[in-house]
file input27.txt (compact mmCIF, C-alpha atoms and all ligand atoms)
# COMPACT_ATOMS: atom_id res chain seq x y z
CA MET A 177 -3.36 16.14 37.78
CA ASN A 178 -0.49 18.35 36.56
CA LEU A 179 1.13 17.03 33.38
CA THR A 180 3.18 20.12 32.53
CA ASN A 181 6.45 18.74 33.97
CA ILE A 182 6.14 15.36 32.24
CA HIS A 183 8.12 15.17 29.01
CA PRO A 184 7.77 11.75 27.41
CA LYS A 185 10.34 11.11 24.67
CA VAL A 186 7.76 9.14 22.71
CA THR A 187 4.25 10.49 22.20
CA PRO A 188 1.92 8.54 24.49
CA ILE A 189 -1.19 6.83 23.15
CA TYR A 190 -4.00 9.38 23.54
CA GLN A 191 -6.72 6.84 24.19
CA THR A 192 -9.45 9.43 24.44
CA SER A 193 -12.42 10.10 22.19
CA VAL A 194 -12.69 13.79 23.10
CA PHE A 195 -10.58 16.72 24.35
CA LYS A 196 -11.49 19.52 26.77
CA PHE A 197 -11.62 23.27 26.13
CA ALA A 198 -10.89 25.62 29.04
CA SER A 199 -12.95 28.49 27.64
CA LEU A 200 -15.21 29.54 24.80
CA ALA A 201 -12.23 31.39 23.33
CA GLU A 202 -10.31 28.11 23.05
CA LEU A 203 -13.33 26.47 21.45
CA GLU A 204 -13.58 29.34 18.97
CA GLU A 205 -9.89 29.00 18.14
CA TYR A 206 -10.36 25.28 17.47
CA TYR A 207 -13.06 26.04 14.91
CA THR A 208 -11.50 29.07 13.21
CA ALA A 209 -7.67 29.07 13.52
CA PRO A 210 -5.55 27.50 10.73
CA GLY A 211 -4.71 23.92 11.64
CA ARG A 212 -7.31 24.22 14.44
CA GLY A 213 -4.83 26.32 16.43
CA GLY A 214 -2.94 23.15 17.30
CA ARG A 215 -5.93 21.97 19.34
CA TYR A 216 -7.84 18.74 19.30
CA GLY A 217 -11.58 18.33 19.75
CA TYR A 218 -13.00 14.99 18.77
CA SER A 219 -10.96 11.93 17.83
CA ARG A 220 -13.11 10.94 14.86
CA SER A 221 -11.77 14.10 13.18
CA GLU A 222 -8.23 14.19 14.49
CA HIS A 223 -6.09 13.22 17.45
CA PRO A 224 -2.37 13.55 18.26
CA ASN A 225 -1.43 9.98 17.31
CA THR A 226 -2.86 10.08 13.77
CA GLU A 227 -1.44 13.54 13.20
CA GLU A 228 2.03 12.40 14.19
CA LEU A 229 1.66 9.38 11.88
CA VAL A 230 0.44 11.42 8.90
CA ALA A 231 3.30 13.89 9.41
CA ALA A 232 5.83 11.05 9.54
CA VAL A 233 4.57 9.43 6.34
CA ALA A 234 4.36 12.82 4.59
CA ARG A 235 8.04 13.29 5.48
CA LEU A 236 8.91 9.83 4.12
CA GLU A 237 6.98 10.54 0.91
CA GLY A 238 8.60 13.96 0.57
CA VAL A 239 5.32 15.89 0.35
CA ALA A 240 4.69 19.25 2.03
CA GLY A 241 1.97 19.87 4.58
CA GLY A 242 3.02 17.62 7.46
CA ALA A 243 0.02 16.38 9.42
CA LEU A 244 -2.27 18.32 7.05
CA ALA A 245 -1.05 16.40 3.97
CA GLY A 246 -3.68 13.68 4.29
CA VAL A 247 -5.44 11.20 6.50
CA ALA A 248 -4.69 7.92 8.26
CA THR A 249 -7.51 5.39 7.94
CA GLY A 250 -8.69 2.21 9.63
CA ALA A 251 -7.53 0.04 6.71
CA GLY A 252 -5.82 0.50 3.40
CA LEU A 253 -9.12 0.20 1.58
CA SER A 254 -10.75 2.98 3.60
CA GLY A 255 -7.86 5.13 2.35
CA LEU A 256 -8.90 4.32 -1.22
CA LEU A 257 -12.51 5.14 -0.32
CA ALA A 258 -11.39 8.51 1.06
CA ALA A 259 -9.31 9.22 -2.06
CA VAL A 260 -12.16 8.46 -4.46
CA LEU A 261 -14.85 10.27 -2.44
CA ALA A 262 -12.58 13.30 -2.02
CA THR A 263 -12.07 13.68 -5.77
CA CYS A 264 -15.00 12.02 -7.61
CA ARG A 265 -18.76 12.33 -7.73
CA ALA A 266 -21.59 10.37 -9.38
CA GLY A 267 -20.99 10.29 -13.13
CA ASP A 268 -17.20 10.31 -12.85
CA HIS A 269 -14.99 7.53 -14.17
CA VAL A 270 -11.91 5.88 -12.64
CA LEU A 271 -9.39 4.12 -14.89
CA CYS A 272 -7.20 1.30 -13.55
CA PRO A 273 -4.81 -1.39 -14.77
CA ALA A 274 -6.34 -4.86 -15.17
CA GLU A 275 -3.64 -6.14 -12.78
CA LEU A 276 -5.08 -4.08 -9.89
CA TYR A 277 -5.16 -5.49 -6.33
CA GLY A 278 -8.37 -7.52 -5.91
CA GLY A 279 -9.65 -5.62 -2.87
CA SER A 280 -9.44 -2.35 -4.80
CA VAL A 281 -11.43 -3.92 -7.65
CA VAL A 282 -14.17 -5.03 -5.24
CA LEU A 283 -14.42 -1.58 -3.64
CA LEU A 284 -14.51 0.25 -6.97
CA SER A 285 -16.57 -2.13 -9.10
CA ASN A 286 -18.99 -3.59 -6.53
CA GLU A 287 -19.48 -0.75 -4.07
CA LEU A 288 -18.62 2.64 -5.55
CA SER A 289 -20.31 1.70 -8.84
CA ARG A 290 -23.60 1.73 -6.90
CA LEU A 291 -22.96 5.40 -6.15
CA GLY A 292 -22.60 6.14 -9.85
CA ILE A 293 -18.79 6.20 -9.95
CA GLU A 294 -17.74 3.86 -12.76
CA THR A 295 -14.44 2.07 -13.12
CA SER A 296 -12.88 0.39 -16.14
CA TYR A 297 -9.70 -1.64 -16.51
CA VAL A 298 -7.09 -1.91 -19.24
CA PRO A 299 -3.87 -3.95 -19.22
CA LEU A 300 -1.08 -1.98 -17.55
CA ALA A 301 0.92 -1.99 -20.77
CA ASP A 302 -1.94 -0.05 -22.48
CA LEU A 303 -2.73 2.29 -19.59
CA TYR A 304 -0.17 4.89 -20.71
CA ASP A 305 -2.24 5.56 -23.85
CA LEU A 306 -4.68 7.79 -21.97
CA ALA A 307 -5.63 9.68 -25.11
CA ARG A 308 -7.29 6.40 -26.11
CA HIS A 309 -8.54 5.02 -22.79
CA ALA A 310 -9.59 8.10 -20.84
CA ARG A 311 -13.20 9.22 -21.28
CA PRO A 312 -14.57 12.75 -21.06
CA ASN A 313 -15.68 11.94 -17.48
CA THR A 314 -12.42 10.27 -16.37
CA LYS A 315 -11.40 11.95 -13.13
CA LEU A 316 -8.85 9.61 -11.66
CA VAL A 317 -6.28 7.02 -12.68
CA LEU A 318 -5.29 4.51 -9.99
CA ALA A 319 -2.14 2.44 -10.48
CA GLU A 320 0.34 0.43 -8.42
CA ILE A 321 4.14 0.73 -8.39
CA LEU A 322 4.55 -3.05 -8.42
CA SER A 323 1.62 -5.29 -9.35
CA ASN A 324 0.34 -8.23 -7.34
CA PRO A 325 1.39 -11.01 -7.65
CA LEU A 326 3.64 -10.80 -10.75
CA LEU A 327 5.55 -7.64 -9.76
CA THR A 328 5.03 -5.85 -13.07
CA VAL A 329 6.77 -2.48 -12.78
CA LEU A 330 4.87 0.75 -13.41
CA ASP A 331 6.53 3.50 -15.47
CA GLY A 332 5.39 6.19 -13.06
CA PRO A 333 6.83 9.29 -14.78
CA ARG A 334 5.33 8.18 -18.11
CA LEU A 335 1.89 7.66 -16.60
CA ALA A 336 2.09 10.96 -14.67
CA ALA A 337 2.92 12.83 -17.89
CA ALA A 338 -0.04 11.19 -19.66
CA CYS A 339 -2.37 12.10 -16.79
CA GLN A 340 -1.20 15.71 -16.82
CA ALA A 341 -1.73 15.90 -20.59
CA GLU A 342 -5.32 14.65 -20.16
CA GLY A 343 -6.07 16.68 -17.02
CA VAL A 344 -6.71 13.55 -14.96
CA LEU A 345 -5.62 13.03 -11.33
CA LEU A 346 -3.13 10.24 -10.64
CA LEU A 347 -3.46 8.16 -7.46
CA ILE A 348 -0.60 5.75 -6.78
CA ASP A 349 -0.86 2.70 -4.54
CA ASN A 350 2.69 2.65 -3.14
CA THR A 351 2.06 -0.30 -0.80
CA PHE A 352 4.36 -2.92 -2.38
CA ALA A 353 7.38 -0.59 -2.56
CA SER A 354 6.97 1.77 0.45
CA PRO A 355 8.36 5.32 0.54
CA ALA A 356 11.77 3.93 1.55
CA ILE A 357 12.32 2.99 -2.08
CA SER A 358 9.56 4.72 -4.06
CA GLN A 359 8.41 8.36 -3.90
CA PRO A 360 5.62 8.93 -6.43
CA PHE A 361 5.20 12.63 -5.58
CA SER A 362 8.75 13.18 -6.89
CA TRP A 363 7.61 12.26 -10.43
CA GLY A 364 4.18 13.81 -10.48
CA ALA A 365 1.60 11.67 -8.65
CA ASP A 366 -1.26 13.76 -7.23
CA MET A 367 -2.12 11.37 -4.41
CA VAL A 368 -0.22 8.51 -2.78
CA TRP A 369 -2.02 5.73 -0.99
CA HIS A 370 -0.79 2.91 1.29
CA SER A 371 -2.10 -0.15 2.94
CA ALA A 372 -0.08 0.68 6.08
CA THR A 373 -1.02 -2.82 7.19
CA LYS A 374 1.95 -3.82 5.04
CA TYR A 375 5.43 -2.21 5.02
CA LEU A 376 4.63 1.01 6.90
CA GLY A 377 3.38 -0.93 9.94
CA GLY A 378 5.65 -3.79 9.02
CA HIS A 379 4.95 -6.23 11.86
CA SER A 380 1.64 -7.86 10.82
CA ASP A 381 -0.01 -6.53 13.97
CA VAL A 382 -2.10 -3.60 12.74
CA THR A 383 -4.60 -2.88 9.96
CA ALA A 384 -4.23 0.70 8.71
CA GLY A 385 -4.18 2.98 5.68
CA LEU A 386 -2.67 6.29 4.65
CA VAL A 387 -3.60 8.63 1.84
CA LEU A 388 -1.76 11.86 1.06
CA ALA A 389 -2.24 14.58 -1.54
CA ARG A 390 0.09 17.10 -3.14
CA ASP A 391 -2.62 19.78 -3.45
CA PRO A 392 -3.50 21.19 0.02
CA ALA A 393 -7.16 21.56 -1.05
CA VAL A 394 -7.36 17.85 -1.94
CA ALA A 395 -5.54 16.98 1.30
CA GLN A 396 -8.13 18.95 3.22
CA ARG A 397 -10.94 17.08 1.44
CA LEU A 398 -9.25 13.79 2.37
CA ARG A 399 -9.27 14.87 6.01
CA GLN A 400 -12.89 16.03 5.82
CA VAL A 401 -14.06 12.80 4.20
CA GLY A 402 -12.03 10.76 6.70
CA GLY A 403 -13.58 12.65 9.61
CA SER A 404 -17.16 12.78 8.41
CA LEU A 405 -17.25 9.08 7.49
CA GLY A 406 -15.31 7.97 10.56
CA LEU A 407 -12.64 6.35 8.40
CA THR A 408 -9.90 7.64 10.69
CA LEU A 409 -7.37 5.39 12.39
CA ALA A 410 -7.63 4.78 16.16
CA PRO A 411 -4.94 5.99 18.62
CA LEU A 412 -3.32 2.62 19.40
CA GLU A 413 -3.21 1.61 15.72
CA SER A 414 -1.75 5.01 14.82
CA TRP A 415 0.91 4.61 17.50
CA LEU A 416 1.84 1.11 16.33
CA THR A 417 2.01 2.20 12.69
CA LEU A 418 4.15 5.21 13.60
CA ARG A 419 6.53 2.92 15.47
CA GLY A 420 6.77 0.81 12.31
CA THR A 421 7.69 3.82 10.17
CA LYS A 422 10.71 4.52 12.38
CA THR A 423 12.44 1.34 11.18
CA LEU A 424 11.09 1.36 7.62
CA ARG A 425 14.40 2.18 5.91
CA LEU A 426 16.32 -0.45 7.87
CA ARG A 427 13.68 -3.08 7.25
CA MET A 428 13.38 -2.37 3.52
CA ARG A 429 17.13 -2.75 3.09
CA GLN A 430 16.99 -6.21 4.67
CA HIS A 431 13.74 -7.20 2.89
CA SER A 432 15.33 -6.21 -0.43
CA GLU A 433 18.65 -7.96 0.25
CA ASN A 434 16.90 -11.16 1.35
CA ALA A 435 14.42 -11.12 -1.54
CA LEU A 436 17.25 -10.80 -4.05
CA ALA A 437 19.05 -13.75 -2.45
CA VAL A 438 15.83 -15.80 -2.50
CA ALA A 439 15.08 -14.83 -6.13
CA GLN A 440 18.59 -15.85 -7.23
CA PHE A 441 18.30 -19.13 -5.34
CA LEU A 442 14.88 -19.92 -6.88
CA ALA A 443 16.01 -18.94 -10.39
CA ARG A 444 18.68 -21.70 -10.21
CA HIS A 445 16.46 -24.35 -8.58
CA PRO A 446 15.32 -27.25 -10.80
CA ALA A 447 11.88 -27.40 -9.12
CA VAL A 448 11.18 -23.79 -10.14
CA GLY A 449 9.89 -22.86 -13.59
CA GLN A 450 9.89 -19.06 -13.45
CA VAL A 451 10.71 -16.28 -10.97
CA PHE A 452 9.10 -12.84 -10.95
CA TYR A 453 11.30 -10.29 -9.19
CA PRO A 454 12.35 -6.96 -10.72
CA GLY A 455 15.65 -7.11 -8.84
CA LEU A 456 16.84 -9.95 -11.11
CA PRO A 457 18.83 -8.48 -14.02
CA LEU A 458 16.95 -10.69 -16.51
CA ASP A 459 13.50 -9.63 -15.27
CA PRO A 460 11.64 -7.65 -17.96
CA GLY A 461 10.96 -4.85 -15.44
CA HIS A 462 14.53 -4.62 -14.15
CA ALA A 463 15.71 -1.52 -16.01
CA LEU A 464 12.52 0.39 -15.23
CA ALA A 465 12.63 -0.62 -11.57
CA ALA A 466 16.32 0.25 -11.29
CA ALA A 467 15.65 3.71 -12.73
CA GLN A 468 12.62 4.38 -10.54
CA LEU A 469 13.24 2.67 -7.21
CA ARG A 470 15.78 4.10 -4.79
CA GLY A 471 18.96 2.78 -3.27
CA GLY A 472 19.38 -0.19 -5.59
CA GLN A 473 16.54 -1.87 -3.68
CA PHE A 474 13.62 -3.77 -5.19
CA GLY A 475 11.58 -4.63 -2.10
CA GLY A 476 10.64 -7.90 -0.43
CA MET A 477 7.85 -9.22 -2.66
CA LEU A 478 8.41 -11.90 -5.27
CA SER A 479 6.53 -14.72 -6.97
CA PHE A 480 7.57 -17.96 -8.59
CA ARG A 481 5.95 -20.70 -10.63
CA LEU A 482 6.79 -24.28 -9.79
CA ALA A 483 8.07 -26.39 -12.69
CA ASP A 484 5.26 -28.78 -11.71
CA ASP A 485 2.56 -26.13 -12.25
CA THR A 486 -0.09 -27.79 -10.04
CA ALA A 487 -1.95 -27.08 -6.80
CA ALA A 488 -0.68 -30.42 -5.43
CA ALA A 489 2.94 -29.27 -5.81
CA VAL A 490 2.08 -25.97 -4.09
CA ASP A 491 0.39 -27.84 -1.24
CA ALA A 492 3.50 -29.99 -0.74
CA PHE A 493 5.64 -26.81 -0.54
CA VAL A 494 3.23 -25.15 1.90
CA GLN A 495 3.15 -28.18 4.18
CA LYS A 496 6.93 -28.55 4.26
CA SER A 497 8.02 -24.93 4.61
CA GLN A 498 8.65 -23.77 8.17
CA LEU A 499 9.62 -20.13 7.57
CA PHE A 500 7.08 -19.20 4.86
CA PRO A 501 3.68 -19.93 6.46
CA LEU A 502 0.66 -19.63 4.19
CA ALA A 503 -0.80 -16.31 5.37
CA PRO A 504 -2.60 -14.21 2.79
CA SER A 505 -1.13 -10.82 3.65
CA LEU A 506 2.38 -9.47 3.23
CA ALA A 507 5.24 -7.20 4.18
CA GLY A 508 5.78 -8.27 7.79
CA VAL A 509 9.21 -8.74 9.37
CA ASP A 510 8.50 -12.50 9.35
CA SER A 511 8.35 -14.16 5.94
CA SER A 512 5.12 -15.66 4.62
CA CYS A 513 3.68 -17.02 1.40
CA SER A 514 0.36 -16.73 -0.32
CA TYR A 515 -1.47 -18.59 -3.02
CA PRO A 516 -2.97 -16.07 -5.46
CA LEU A 517 -5.22 -18.62 -7.22
CA ALA A 518 -7.17 -19.32 -4.02
CA THR A 519 -6.93 -15.89 -2.36
CA SER A 520 -6.49 -12.58 -4.22
CA HIS A 521 -7.62 -14.04 -7.56
CA ARG A 522 -10.14 -16.55 -6.22
CA TYR A 523 -13.26 -15.05 -7.83
CA ILE A 524 -11.72 -14.25 -11.21
CA PRO A 525 -12.83 -16.62 -14.01
CA ASP A 526 -10.16 -19.21 -14.78
CA GLU A 527 -9.67 -18.07 -18.36
CA ARG A 528 -8.97 -14.46 -17.33
CA ARG A 529 -6.77 -15.68 -14.48
CA ARG A 530 -4.61 -17.66 -16.91
CA ALA A 531 -4.41 -14.63 -19.18
CA LEU A 532 -3.07 -12.69 -16.17
CA GLY A 533 -0.46 -15.42 -15.55
CA ILE A 534 -2.09 -16.75 -12.36
CA THR A 535 -1.64 -20.51 -12.79
CA PRO A 536 -2.08 -23.35 -10.24
CA GLY A 537 1.66 -23.57 -9.48
CA LEU A 538 2.18 -19.87 -8.72
CA ILE A 539 3.34 -18.96 -5.20
CA ARG A 540 3.89 -15.43 -3.91
CA LEU A 541 6.50 -14.87 -1.21
CA SER A 542 6.73 -12.00 1.20
CA VAL A 543 10.39 -12.20 2.18
CA GLY A 544 11.03 -11.06 5.75
CA ILE A 545 14.11 -9.80 7.54
CA GLU A 546 15.36 -13.13 8.93
CA GLU A 547 18.89 -14.39 8.23
CA ALA A 548 19.01 -15.01 4.47
CA GLY A 549 20.79 -18.35 5.00
CA ASP A 550 17.92 -19.64 7.13
CA LEU A 551 15.39 -18.69 4.46
CA LEU A 552 17.37 -20.42 1.70
CA ALA A 553 17.79 -23.56 3.81
CA ASP A 554 14.04 -23.69 4.45
CA LEU A 555 13.20 -23.16 0.76
CA SER A 556 15.71 -25.83 -0.18
CA GLN A 557 14.10 -28.47 2.05
CA ALA A 558 10.54 -27.38 1.14
CA LEU A 559 11.27 -27.69 -2.60
CA GLY A 560 13.27 -30.90 -2.18
C1 LIG A 601 -3.37 -5.08 1.25
C2 LIG A 601 -3.40 -4.15 0.12
C3 LIG A 601 -4.40 -3.18 0.00
C4 LIG A 601 -5.56 -3.08 0.96
O1 LIG A 601 -5.17 -2.72 2.23
P1 LIG A 601 -5.90 -3.19 3.58
O2 LIG A 601 -5.04 -2.63 4.65
O3 LIG A 601 -5.93 -4.69 3.55
O4 LIG A 601 -7.28 -2.61 3.54
C5 LIG A 601 -4.32 -2.31 -1.07
N1 LIG A 601 -3.35 -2.39 -1.99
C6 LIG A 601 -2.39 -3.32 -1.93
C7 LIG A 601 -1.35 -3.36 -2.97
C8 LIG A 601 -2.37 -4.23 -0.89
O5 LIG A 601 -1.43 -5.18 -0.83

call {"tool": "encode", "arguments": {"input": "input27.txt", "output": "structure tokens"}}
result
Amino acid sequence: MNLTNIHPKVTPIYQTSVFKFASLAELEEYYTAPGRGGRYGYSRSEHPNTEELVAAVARLEGVAGGALAGVATGAGLSGLLAAVLATCRAGDHVLCPAELYGGSVVLLSNELSRLGIETSYVPLADLYDLARHARPNTKLVLAEILSNPLLTVLDGPRLAAACQAEGVLLLIDNTFASPAISQPFSWGADMVWHSATKYLGGHSDVTAGLVLARDPAVAQRLRQVGGSLGLTLAPLESWLTLRGTKTLRLRMRQHSENALAVAQFLARHPAVGQVFYPGLPLDPGHALAAAQLRGGQFGGMLSFRLADDTAAAVDAFVQKSQLFPLAPSLAGVDSSCSYPLATSHRYIPDERRRALGITPGLIRLSVGIEEAGDLLADLSQALG
């Protein structure tokens, strides 16, 4: 078969586990040349579809290195695993905000703790005081641009400055914002991590992760860890995620516009007690978000508390809504809702949950890219 005259405009899906070498010289080049001489050997280590995806996300995040800037992984959480294993060893300590995404808490506190990597949590508002909360063995701080589900806004530059002063690496989970509106490398993050299952993929049809590093040596470790543990993303999933990235900017504009319209609508609705969306001028995080996020956009995630702060009121909303199905993930082109009390915060003791603001009447919306008027009409009837 002669493929030399075929020039596909879009990179095909290289559904192959291994690549051929025509000679020992080619094999030698693969092992010794920088960037493997542009060759591929074994898909657990690298293949054209993940490399194209990593290069695309590196471009979106504004970090140098292209395909060498990091690794694409089989899920967001395997990206976190790669980031921690690439930078920490037994005896090291990871510091996180108490508001951290539940899956990250499980990975760090239940699994990595068994390998001797300890994690502790302080409220986000206190995290900036690293002189107080970092320990001699603190290696890494992990924080999120926007917290789940209450959309608390991180002061990224402030945290990055504190990390630099303490000589601690800063890993940012940029999932809720996406690189279309948030670029943590621009203010000093050392690593940026995504659940690409969310906005990067964008269509709720792929589970994937991405982790990138500013320092080429760390990026290389990410790739090594990804390859040696088989965390890497498969060809089809890489291809789908890459296709998602091509429309990221367009989608985020519409997600943000719709979410603002929904937040304004909910803020005026008598059945709603409180709305959490940094795009609202009265939101406590508004000024910080406006200074840090790009293009006057605040993303598609928001939460609200029903005036009747009960699970029964939430259930009535869920059963009536047509356009916000209860589906405990987020960031797809189609809207959805989730119920933090019974999903992300299910196993947290009730007292601590209340302290975090997770009450029975709290609903989180992932606002899609539908016509805003249709979304408002559906919310209106579901809350009626
Ligand atoms: C979903 C999510 C993750 C985990 O990603 P998976 O793709 O589900 O493994 C991490 N962080 C945040 C903020 C998320 O929403």

call {"tool": "residues_near_ligand", "arguments": {"input": "input27.txt", "ligand": "ligand LIG 601 (chain A)", "cutoff": "10 Å", "atoms": "only C-alpha atoms and all ligand atoms", "output": "PyMOL selection string"}}
result
chain A and resi 249-256+276-281+319-325+348-353+369-375+382-386+504-507+520

call {"tool": "residues_around", "arguments": {"input": "input27.txt", "residues": "Arg311 of chain A", "least_positions_apart": "6", "cutoff": "12 Å", "atoms": "all atoms listed in the file", "output": "PyMOL selection string"}}
result
chain A and resi 267-271+294-296+305+317+342-344

call {"tool": "write_last_selection", "arguments": {"input": "input27.txt", "atoms": "C-alpha atoms", "output": "PDB file, keeping the file's coordinate frame"}}
result
ATOM      1  CA  GLY A 267     -20.990  10.290 -13.130  1.00  0.00           C
ATOM      2  CA  ASP A 268     -17.200  10.310 -12.850  1.00  0.00           C
ATOM      3  CA  HIS A 269     -14.990   7.530 -14.170  1.00  0.00           C
ATOM      4  CA  VAL A 270     -11.910   5.880 -12.640  1.00  0.00           C
ATOM      5  CA  LEU A 271      -9.390   4.120 -14.890  1.00  0.00           C
ATOM      6  CA  GLU A 294     -17.740   3.860 -12.760  1.00  0.00           C
ATOM      7  CA  THR A 295     -14.440   2.070 -13.120  1.00  0.00           C
ATOM      8  CA  SER A 296     -12.880   0.390 -16.140  1.00  0.00           C
ATOM      9  CA  ASP A 305      -2.240   5.560 -23.850  1.00  0.00           C
ATOM     10  CA  VAL A 317      -6.280   7.020 -12.680  1.00  0.00           C
ATOM     11  CA  GLU A 342      -5.320  14.650 -20.160  1.00  0.00           C
ATOM     12  CA  GLY A 343      -6.070  16.680 -17.020  1.00  0.00           C
ATOM     13  CA  VAL A 344      -6.710  13.550 -14.960  1.00  0.00           C
TER      14      VAL A 344
END

call {"tool": "closest_residue", "arguments": {"input": "input27.txt", "among": "A:Arg235, A:Arg215, A:Arg220, A:Lys196", "to": "Leu405 of chain A", "atoms": "only C-alpha atoms"}}
result
A:Arg220

call {"tool": "atom_distance", "arguments": {"input": "input27.txt", "atom1": "atom CA of Thr421 of chain A", "atom2": "atom CA of Ala243 of chain A"}}
result
14.7 Å

call {"tool": "closest_residue", "arguments": {"input": "input27.txt", "among": "A:Ala503, A:Pro536, A:Leu261, A:Cys272", "to": "Ala489 of chain A", "atoms": "all atoms listed in the file"}}
result
A:Pro536

call {"tool": "closest_residue", "arguments": {"input": "input27.txt", "among": "A:Gln468, A:Thr417, A:Thr208, A:Gln400", "to": "Ala245 of chain A", "atoms": "all atoms listed in the file"}}
result
A:Gln400

call {"tool": "closest_residue", "arguments": {"input": "input27.txt", "among": "A:Thr263, A:His379, A:Asp302, A:Leu327", "to": "Asp366 of chain A", "atoms": "only C-alpha atoms"}}
result
A:Thr263

call {"tool": "closest_residue", "arguments": {"input": "input27.txt", "among": "A:Leu464, A:Ala439, A:Leu426, A:Ala258", "to": "Val387 of chain A", "atoms": "only C-alpha atoms"}}
result
A:Ala258

call {"tool": "atom_distance", "arguments": {"input": "input27.txt", "atom1": "atom CA of Ile293 of chain A", "atom2": "atom CA of Ala341 of chain A"}}
result
22.3 Å

call {"tool": "residues_around", "arguments": {"input": "input27.txt", "residues": "Ala548 of chain A", "least_positions_apart": "4", "cutoff": "8 Å", "atoms": "all atoms listed in the file", "output": "PyMOL selection string"}}
result
chain A and resi 434+437-438+552

call {"tool": "atom_distance", "arguments": {"input": "input27.txt", "atom1": "atom CA of Val233 of chain A", "atom2": "atom CA of Leu303 of chain A"}}
result
27.9 Å

call {"tool": "closest_residue", "arguments": {"input": "input27.txt", "among": "A:Ala232, A:Ala389, A:Val239, A:Leu257", "to": "Ser362 of chain A", "atoms": "all atoms listed in the file"}}
result
A:Val239

call {"tool": "residues_around", "arguments": {"input": "input27.txt", "residues": "Ser432 of chain A", "least_positions_apart": "2", "cutoff": "9 Å", "atoms": "only C-alpha atoms", "output": "list in words"}}
result
Arg427, Met428, Arg429, Gln430, Asn434, Ala435, Leu436, Ala437, Gly455, Gly472, Gln473, Phe474, Gly475, Gly476, Met477, Val543, Gly544 and Ile545 of chain A

call {"tool": "residues_near_point", "arguments": {"input": "input27.txt", "point": "(11.8, -16.0, -8.8)", "cutoff": "9 Å", "atoms": "all atoms listed in the file", "output": "JSON, numbers by chain"}}
result
{"A": [436, 438, 439, 440, 441, 442, 443, 448, 449, 450, 451, 452, 453, 456, 478, 479, 480, 481]}

call {"tool": "residues_around", "arguments": {"input": "input27.txt", "residues": "Pro446 of chain A", "least_positions_apart": "4", "cutoff": "10 Å", "atoms": "only C-alpha atoms", "output": "number ranges by chain"}}
result
A: 442, 482-483, 559-560
